[in-house]
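S.K.: Sharing entry36.txt, compact mmCIF, C-alpha atoms:
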# COMPACT_ATOMS: atom_id res chain seq x y z
CA MET D 1 -35.25 27.35 46.59
CA LYS D 2 -36.59 25.04 43.89
CA VAL D 3 -36.74 21.36 44.82
CA LEU D 4 -37.41 18.24 42.72
CA VAL D 5 -39.66 15.88 44.70
CA THR D 6 -39.85 12.33 43.38
CA GLY D 7 -43.00 10.64 44.62
CA GLY D 8 -44.53 14.07 45.12
CA ALA D 9 -48.05 12.75 44.47
CA GLY D 10 -47.77 10.38 47.42
CA TYR D 11 -48.88 10.71 51.02
CA ILE D 12 -45.67 12.10 52.50
CA GLY D 13 -44.50 13.60 49.22
CA SER D 14 -47.56 15.78 48.68
CA THR D 15 -47.50 16.94 52.29
CA THR D 16 -43.83 17.84 51.97
CA CYS D 17 -44.54 19.79 48.78
CA LYS D 18 -47.08 21.82 50.72
CA ALA D 19 -44.63 22.48 53.56
CA LEU D 20 -42.01 23.61 51.03
CA GLU D 21 -44.50 26.04 49.51
CA GLU D 22 -45.51 27.42 52.90
CA ALA D 23 -41.82 28.10 53.59
CA GLY D 24 -41.50 30.01 50.31
CA HIS D 25 -39.91 27.29 48.19
CA VAL D 26 -41.04 25.79 44.86
CA PRO D 27 -41.52 22.01 44.50
CA VAL D 28 -41.30 20.30 41.12
CA VAL D 29 -43.05 16.91 41.18
CA LEU D 30 -41.89 13.75 39.39
CA ASP D 31 -44.24 10.81 39.93
CA SER D 32 -45.29 7.76 37.91
CA LEU D 33 -48.74 7.81 39.58
CA LEU D 34 -48.33 4.07 40.15
CA THR D 35 -49.93 4.63 43.55
CA GLY D 36 -50.12 8.36 44.30
CA PRO D 37 -53.27 10.13 43.04
CA ARG D 38 -52.96 12.92 40.47
CA VAL D 39 -55.25 15.17 42.52
CA PHE D 40 -52.55 15.40 45.23
CA VAL D 41 -50.24 17.21 42.80
CA GLY D 42 -52.61 20.15 42.46
CA ASP D 43 -51.31 22.87 40.18
CA ARG D 44 -47.63 22.30 40.93
CA ALA D 45 -45.11 21.77 38.13
CA PHE D 46 -45.59 18.07 37.36
CA TYR D 47 -43.89 15.43 35.27
CA LYS D 48 -45.52 12.03 34.99
CA GLY D 49 -42.87 9.44 34.50
CA ASP D 50 -40.28 7.05 35.85
CA ILE D 51 -37.36 8.05 38.07
CA ALA D 52 -35.10 5.91 35.84
CA ASP D 53 -36.09 7.80 32.67
CA ARG D 54 -32.85 9.67 32.05
CA ALA D 55 -34.24 11.64 29.11
CA LEU D 56 -37.07 12.89 31.29
CA LEU D 57 -34.65 13.84 34.05
CA ARG D 58 -32.58 15.82 31.56
CA ARG D 59 -35.74 17.56 30.36
CA ILE D 60 -36.72 18.50 33.90
CA ALA D 61 -33.25 19.89 34.55
CA ALA D 62 -33.35 21.88 31.29
CA GLU D 63 -36.78 23.33 32.08
CA HIS D 64 -35.82 24.07 35.71
CA PRO D 65 -32.15 25.11 35.60
CA ASP D 66 -32.48 26.59 39.09
CA LEU D 67 -33.12 23.31 40.92
CA ASP D 68 -31.31 23.38 44.27
CA ALA D 69 -31.97 19.88 45.62
CA THR D 70 -33.82 16.61 45.12
CA ILE D 71 -36.01 14.92 47.74
CA HIS D 72 -36.21 11.27 46.68
CA MET D 73 -39.41 9.73 48.08
CA ALA D 74 -40.59 7.59 45.17
CA ALA D 75 -40.68 3.96 46.31
CA ARG D 76 -42.80 0.90 46.88
CA ILE D 77 -43.46 0.82 50.62
CA VAL D 78 -45.80 -2.04 51.68
CA VAL D 79 -43.87 -4.54 53.81
CA PRO D 80 -46.02 -7.69 53.24
CA GLU D 81 -46.15 -6.97 49.51
CA SER D 82 -42.37 -6.75 49.43
CA VAL D 83 -42.21 -10.29 50.85
CA GLU D 84 -44.54 -11.47 48.09
CA LYS D 85 -42.98 -9.42 45.27
CA PRO D 86 -39.30 -8.91 46.03
CA PHE D 87 -38.34 -8.44 42.37
CA GLU D 88 -40.61 -5.43 41.97
CA TYR D 89 -39.22 -3.88 45.15
CA TYR D 90 -35.56 -4.32 44.26
CA ARG D 91 -36.19 -3.16 40.68
CA ASP D 92 -38.18 -0.04 41.57
CA ASN D 93 -36.53 0.98 44.82
CA VAL D 94 -32.92 0.03 44.09
CA ALA D 95 -32.20 -0.37 40.38
CA LYS D 96 -34.24 2.66 39.30
CA SER D 97 -32.83 4.83 42.09
CA LEU D 98 -29.33 3.99 40.85
CA GLU D 99 -30.23 5.45 37.48
CA LEU D 100 -31.71 8.53 39.14
CA PHE D 101 -28.67 9.20 41.31
CA ASP D 102 -26.21 8.73 38.47
CA GLU D 103 -28.17 11.10 36.23
CA LEU D 104 -28.50 13.71 38.99
CA ASP D 105 -24.76 13.57 39.50
CA GLY D 106 -24.17 13.96 35.76
CA LEU D 107 -26.51 16.96 35.67
CA GLY D 108 -24.67 18.64 38.51
CA LEU D 109 -27.69 18.30 40.83
CA GLY D 110 -25.69 17.09 43.76
CA ARG D 111 -27.91 17.65 46.80
CA VAL D 112 -30.08 14.59 47.57
CA LEU D 113 -32.41 14.07 50.52
CA PHE D 114 -33.36 10.40 50.72
CA SER D 115 -36.40 8.91 52.43
CA SER D 116 -35.22 5.93 54.42
CA SER D 117 -36.84 3.96 57.20
CA ALA D 118 -36.53 3.10 60.88
CA SER D 119 -37.43 -0.48 59.93
CA LEU D 120 -33.70 -0.96 59.35
CA TYR D 121 -32.80 -1.03 63.03
CA ALA D 122 -32.03 -4.21 64.93
CA THR D 123 -34.17 -4.88 67.99
CA LYS D 124 -32.69 -3.28 71.08
CA ASP D 125 -33.63 -3.97 74.70
CA SER D 126 -34.37 -0.31 75.40
CA PHE D 127 -36.03 0.16 71.96
CA GLU D 128 -34.45 3.65 71.68
CA VAL D 129 -32.13 3.75 68.68
CA THR D 130 -29.47 6.19 67.58
CA GLU D 131 -28.22 6.56 64.03
CA GLU D 132 -25.12 4.52 64.96
CA ASP D 133 -26.98 1.50 66.33
CA PRO D 134 -26.84 -1.92 64.61
CA LEU D 135 -29.10 -2.56 61.63
CA ALA D 136 -31.02 -5.74 60.81
CA PRO D 137 -33.66 -5.07 58.12
CA GLN D 138 -36.35 -7.75 58.33
CA SER D 139 -38.09 -7.46 54.94
CA PRO D 140 -37.23 -6.93 51.29
CA TYR D 141 -38.70 -3.42 51.63
CA ALA D 142 -36.36 -2.57 54.50
CA ARG D 143 -33.40 -4.14 52.71
CA THR D 144 -34.04 -1.97 49.65
CA LYS D 145 -33.86 1.10 51.87
CA ARG D 146 -30.58 -0.04 53.42
CA MET D 147 -29.14 -0.78 49.99
CA MET D 148 -29.99 2.72 48.81
CA GLU D 149 -28.37 4.22 51.90
CA GLN D 150 -25.18 2.32 51.05
CA VAL D 151 -25.38 3.39 47.40
CA LEU D 152 -25.68 7.04 48.43
CA GLU D 153 -22.87 6.77 50.96
CA ASP D 154 -20.57 5.20 48.36
CA MET D 155 -21.56 7.63 45.59
CA ALA D 156 -21.14 10.62 47.90
CA ALA D 157 -17.64 9.42 48.75
CA ALA D 158 -16.71 8.98 45.08
CA THR D 159 -18.60 11.75 43.23
CA ASP D 160 -19.94 15.26 43.67
CA LEU D 161 -23.24 13.86 44.96
CA ARG D 162 -24.05 14.76 48.57
CA ALA D 163 -26.70 13.03 50.66
CA ILE D 164 -28.76 13.51 53.79
CA ILE D 165 -30.52 10.25 54.62
CA LEU D 166 -33.66 10.71 56.72
CA ARG D 167 -34.80 7.60 58.58
CA TYR D 168 -38.53 8.05 59.12
CA PHE D 169 -40.16 6.35 62.03
CA ASN D 170 -43.96 5.96 61.64
CA PRO D 171 -45.70 8.84 59.86
CA ILE D 172 -49.41 9.19 60.68
CA GLY D 173 -52.08 11.85 60.36
CA SER D 174 -52.90 14.15 57.48
CA ASP D 175 -52.03 17.51 56.02
CA PRO D 176 -53.42 20.13 58.44
CA ASP D 177 -55.81 21.52 55.79
CA LEU D 178 -57.10 18.03 54.92
CA GLU D 179 -56.19 18.40 51.26
CA THR D 180 -54.12 15.20 51.25
CA GLY D 181 -53.76 12.11 53.38
CA ILE D 182 -53.71 8.33 53.18
CA TYR D 183 -55.12 7.36 49.78
CA ALA D 184 -54.98 3.54 49.70
CA ARG D 185 -58.50 2.08 49.57
CA GLU D 186 -57.49 -0.18 52.45
CA PRO D 187 -54.39 1.27 54.11
CA SER D 188 -51.88 -1.30 55.33
CA HIS D 189 -50.61 0.85 58.18
CA VAL D 190 -51.98 0.76 61.70
CA LEU D 191 -53.75 4.12 61.97
CA GLY D 192 -55.51 3.72 58.63
CA GLN D 193 -56.76 0.32 59.78
CA LEU D 194 -57.98 1.85 63.05
CA VAL D 195 -59.88 4.58 61.20
CA MET D 196 -61.58 1.96 59.00
CA ALA D 197 -62.61 -0.08 62.04
CA ALA D 198 -63.89 3.02 63.82
CA ARG D 199 -65.97 4.02 60.79
CA GLY D 200 -67.45 0.55 60.38
CA GLN D 201 -65.57 -0.19 57.16
CA LYS D 202 -63.95 -3.20 58.85
CA ASP D 203 -65.39 -5.59 61.41
CA ALA D 204 -62.44 -5.05 63.74
CA PHE D 205 -58.93 -3.66 64.05
CA THR D 206 -56.44 -6.52 64.08
CA ILE D 207 -53.48 -6.31 66.43
CA THR D 208 -50.77 -8.27 64.61
CA GLY D 209 -48.37 -9.73 67.12
CA VAL D 210 -49.13 -9.92 70.86
CA ASP D 211 -46.09 -11.85 72.14
CA HIS D 212 -43.35 -9.32 71.45
CA PRO D 213 -40.83 -8.50 74.21
CA THR D 214 -42.50 -5.16 74.94
CA ARG D 215 -44.35 -3.88 78.01
CA ASP D 216 -47.70 -5.24 76.77
CA GLY D 217 -46.64 -7.76 74.11
CA THR D 218 -47.54 -5.62 71.10
CA GLY D 219 -45.15 -3.93 68.70
CA ILE D 220 -43.65 -0.58 69.65
CA ARG D 221 -43.42 2.35 67.25
CA ASP D 222 -42.57 6.03 67.20
CA TYR D 223 -45.66 7.62 65.64
CA ILE D 224 -44.87 11.02 64.13
CA HIS D 225 -47.31 13.43 62.55
CA VAL D 226 -46.75 13.63 58.78
CA TRP D 227 -46.72 17.43 58.97
CA ASP D 228 -43.74 17.27 61.33
CA ILE D 229 -42.00 14.95 58.85
CA ALA D 230 -42.71 17.48 56.09
CA ARG D 231 -41.33 20.34 58.20
CA ALA D 232 -38.14 18.36 58.77
CA HIS D 233 -37.60 18.09 55.03
CA VAL D 234 -37.92 21.83 54.66
CA ARG D 235 -35.33 22.35 57.38
CA ALA D 236 -33.00 19.78 55.80
CA VAL D 237 -33.25 21.44 52.39
CA GLU D 238 -32.57 24.86 53.87
CA ARG D 239 -29.64 23.67 55.97
CA PHE D 240 -28.29 21.03 53.57
CA ASP D 241 -24.73 22.36 53.16
CA ASP D 242 -24.46 23.41 56.80
CA VAL D 243 -25.52 19.95 58.01
CA LEU D 244 -22.82 18.18 56.01
CA ALA D 245 -20.25 20.79 57.02
CA ALA D 246 -21.14 20.19 60.67
CA VAL D 247 -20.52 16.44 60.38
CA ASP D 248 -17.54 16.99 58.02
CA ALA D 249 -18.74 14.24 55.67
CA PRO D 250 -20.31 13.95 52.21
CA SER D 251 -23.34 12.12 53.63
CA THR D 252 -25.08 11.59 56.94
CA VAL D 253 -28.07 9.77 58.46
CA ILE D 254 -30.66 11.51 60.65
CA ASN D 255 -33.57 9.96 62.57
CA LEU D 256 -36.97 11.64 62.23
CA GLY D 257 -39.20 10.72 65.15
CA THR D 258 -40.76 12.05 68.33
CA GLY D 259 -38.31 10.44 70.72
CA SER D 260 -40.91 8.29 72.49
CA GLY D 261 -42.29 4.81 71.90
CA VAL D 262 -45.95 3.81 71.83
CA THR D 263 -47.18 0.22 71.74
CA VAL D 264 -50.04 -0.84 69.51
CA ARG D 265 -52.32 -1.33 72.52
CA GLU D 266 -51.42 2.16 73.76
CA LEU D 267 -52.17 3.56 70.30
CA VAL D 268 -55.59 1.89 70.35
CA ALA D 269 -56.31 3.41 73.78
CA SER D 270 -55.27 6.88 72.55
CA PHE D 271 -57.36 6.44 69.42
CA GLU D 272 -60.45 5.47 71.42
CA ARG D 273 -59.99 8.50 73.67
CA VAL D 274 -59.79 10.90 70.72
CA PHE D 275 -62.56 9.11 68.82
CA GLY D 276 -64.79 9.09 71.89
CA SER D 277 -65.83 5.47 71.53
CA SER D 278 -64.36 1.98 71.68
CA VAL D 279 -63.11 0.19 68.57
CA PRO D 280 -63.60 -3.57 68.11
CA THR D 281 -60.25 -5.39 68.07
CA ALA D 282 -58.95 -8.83 67.18
CA GLU D 283 -55.54 -10.46 67.54
CA ALA D 284 -53.37 -12.25 64.98
CA PRO D 285 -49.75 -13.34 64.49
CA PRO D 286 -47.24 -10.80 63.15
CA ARG D 287 -47.41 -10.11 59.40
CA PRO D 288 -44.51 -11.31 57.22
CA GLY D 289 -41.60 -8.92 57.61
CA ASP D 290 -42.98 -7.16 60.70
CA ALA D 291 -40.40 -5.96 63.22
CA VAL D 292 -40.83 -5.60 66.99
CA GLY D 293 -40.09 -1.91 66.56
CA ALA D 294 -38.15 0.96 67.99
CA PHE D 295 -38.35 4.65 68.76
CA ALA D 296 -35.99 7.42 67.79
CA ASN D 297 -33.21 9.04 69.67
CA VAL D 298 -33.67 12.55 68.26
CA ASP D 299 -30.55 14.31 69.53
CA LYS D 300 -29.00 14.49 66.05
CA SER D 301 -32.06 16.00 64.36
CA ARG D 302 -32.32 18.63 67.08
CA ARG D 303 -28.65 19.49 66.80
CA LEU D 304 -28.23 19.51 63.02
CA LEU D 305 -31.68 20.57 61.81
CA ASP D 306 -32.79 22.64 64.82
CA TRP D 307 -36.01 20.69 64.45
CA SER D 308 -38.27 18.72 66.74
CA THR D 309 -41.87 17.60 66.55
CA GLU D 310 -44.60 20.11 67.36
CA LEU D 311 -47.74 17.98 66.97
CA SER D 312 -48.92 15.29 69.37
CA LEU D 313 -50.18 11.76 68.89
CA ASP D 314 -53.69 13.03 69.61
CA ASP D 315 -53.27 15.70 66.93
CA ALA D 316 -52.30 13.05 64.40
CA ILE D 317 -55.20 10.77 65.33
CA ALA D 318 -57.69 13.64 65.10
CA SER D 319 -56.40 14.66 61.67
CA ALA D 320 -56.55 11.06 60.43
CA LEU D 321 -60.16 10.78 61.58
CA ALA D 322 -61.02 14.10 59.92
CA TRP D 323 -59.35 12.96 56.69
CA GLY D 324 -61.36 9.73 56.85
CA GLU D 325 -64.51 11.84 56.74
CA LYS D 326 -63.29 14.05 53.92
CA ARG D 327 -61.33 11.83 51.57
CA LYS D 328 -64.33 10.66 49.54
CA GLU D 329 -64.87 14.29 48.56
CA ILE D 330 -61.31 14.51 47.22
CA LEU D 331 -60.58 10.98 46.02
CA GLY D 332 -64.05 9.75 45.10
CA TYR D 333 -63.93 6.78 47.45
CA GLU D 334 -63.92 6.14 51.19
Turn the structure described in the file into structure tokens.
M.R.:
Amino acid sequence: MKVLVTGGAGYIGSTTCKALEEAGHVPVVLDSLLTGPRVFVGDRAFYKGDIADRALLRRIAAEHPDLDATIHMAARIVVPESVEKPFEYYRDNVAKSLELFDELDGLGLGRVLFSSSASLYATKDSFEVTEEDPLAPQSPYARTKRMMEQVLEDMAAATDLRAIILRYFNPIGSDPDLETGIYAREPSHVLGQLVMAARGQKDAFTITGVDHPTRDGTGIRDYIHVWDIARAHVRAVERFDDVLAAVDAPSTVINLGTGSGVTVRELVASFERVFGSSVPTAEAPPRPGDAVGAFANVDKSRRLLDWSTELSLDDAIASALAWGEKRKEILGYE
């Protein structure tokens, strides 16, 4: 199959492109390079541009008439930044995606896989959430993701567009061959911050929020290896029509997680075990937009995608540490 991947120069996008290739498929990358590095594209078919550029989309479709599906990953994703810059988030994540979806529908490219987020879920006493559980997005970033889910659901009901919405939990780790990984100079996510503290690039790792209603007061997350996330996309592309036939609907939502929750303190303990040394820590209030967290009920992904995670938390931590040692070689900076 040939698959258009928006945001294919990004962290998850580039890893997914690699997983597609390993499964015998051909990714075509569309990325503005606003954040993703060009080196992550490699020698894949690449179009630098905006997802809302309809002329560019028509050109891509003309040059690749055999496109089978689109994986839409292009988005702004930093929660605190979304609180500070809501206009940019709603413009880039919502308004531009509307243009993309309408053009894809007009081009007859009806299969869309959409990258959504577990940050949509309302806090639940058990922290385990199914796809049917209540939603309460806590940040502009999360609200943009929910809006796009609703757009896709409505468009799928009214047009020939069809959508599988994948709610990611917390991707961590790196591509198994260490060719791509986290590229932000100072990553905002927890594992990137831990790696920086472990390597002496930060004075300490800051635990943001220690009074949450969890077993140790810190936020709870479902940390999933990015390679498992990438594998899930391959399975969803391959089974796209069968998945929607099984649910008898033009769109559906599927959680992508491990099925178990890990608190931030537990993550630090696991990290120190894999790293082989302690990491200095500090404590601070939650960041703007931070949620207590949740972990995935994964029954639906197992049933519809015949997929489950294969790599452990320790695997992800080890690959993130290895990427931290290698990324200067690839990106030119630590």
S.K.: Report as CSV: every residue of range 219-261 of chain D with an atom at most 8 Å from range 315-327 of chain D, its closest pair of atoms, and their distance in Å to one decimal, counting only C-alpha atoms, with rows sorted by chain and ascending residue number.
M.R.:
residue,atom,partner,partner_atom,distance
D:Ile224,CA,D:Ala316,CA,7.7
D:His225,CA,D:Ala316,CA,5.3
D:Val226,CA,D:Ala316,CA,7.9
S.K.: Can you work out the spacing between CA of Gly10 in chain D and CA of Leu30 in chain D in Å, to one decimal?
M.R.: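 If I compute the distance from CA of Gly10 in chain D to CA of Leu30 in chain D, I get 10.5 Å.
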S.K.: Between D:Pro80, D:Pro65, D:Glu21, D:Val94, which has the minimum distance to Leu109 in chain D (counting all atoms listed in the file)?
M.R.: D:Pro65
S.K.: Would you please work out which residue, of D:Leu166, D:Ala269, D:Leu178, D:Leu120, is nearest to Ser301 in chain D when using only C-alpha atoms?
M.R.: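 Among the listed residues, D:Leu166 lies closest to Ser301 in chain D.
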S.K.: Find the residues near range 135-145 of chain D: any atom within 8 Å, counting only C-alpha atoms, skip ones fewer than 4 places away on the same chain, and give them as a list of chain:residue names.
M.R.: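 Skipping anything fewer than 4 positions along the chain leaves D:Arg76, D:Ile77, D:Val78, D:Val79, D:Ser82, D:Val83, D:Pro86, D:Tyr89, D:Tyr90, D:Asn93, D:Val94, D:Ser116, D:Ser117, D:Ser119, D:Leu120, D:Tyr121, D:Ala122, D:Thr123, D:Glu149, D:Pro288, D:Gly289, D:Asp290, D:Ala291.
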S.K.: Just to confirm, what's the straight-line distance from CA of Glu22 in chain D to CA of Lys328 in chain D in Å (one decimal)?
M.R.: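 One can read the CA of Glu22 in chain D to CA of Lys328 in chain D distance as 25.4 Å.
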S.K.: Here is a test: counting all atoms listed in the file, which residue of D:Thr6, D:Thr35, D:Thr16, D:Thr214 is nearest to Pro176 in chain D?
M.R.: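 Using all atoms listed in the file, the shortest distance to Pro176 in chain D belongs to D:Thr16.
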S.K.: Distance CA of Glu128 in chain D-CA of Ser251 in chain D, one decimal place?
M.R.: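 That distance, rounded to one decimal, is 22.8 Å.
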S.K.: Measuring atom to atom with all atoms listed in the file, identify which of D:Ala69, D:Ala118, D:Ala74, D:Ala184 is nearest to Gly293 in chain D.
M.R.: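 Smallest separation from Gly293 in chain D among the options: D:Ala118.
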S.K.: When you count only C-alpha atoms, which of these residues is closest to Val26 in chain D: D:Val237, D:Ala52, D:Val210, D:Leu191?
M.R.: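 Ranked by minimum distance to Val26 in chain D, first place goes to D:Val237.
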S.K.: Name the residues, using the chain letters and numbers of the file, that sit within 9 Å of (-43.1, -4.4, 69.3) when counting only C-alpha atoms, and give them as an MDAnalysis selection string.
M.R.: chainID D and resid 127 209:221 263:264 291:294
S.K.: Determine the nearest neighbour of Leu267 in chain D from the options D:Ile229, D:Val190, D:Ile12, D:Val41, counting only C-alpha atoms.
M.R.: D:Val190
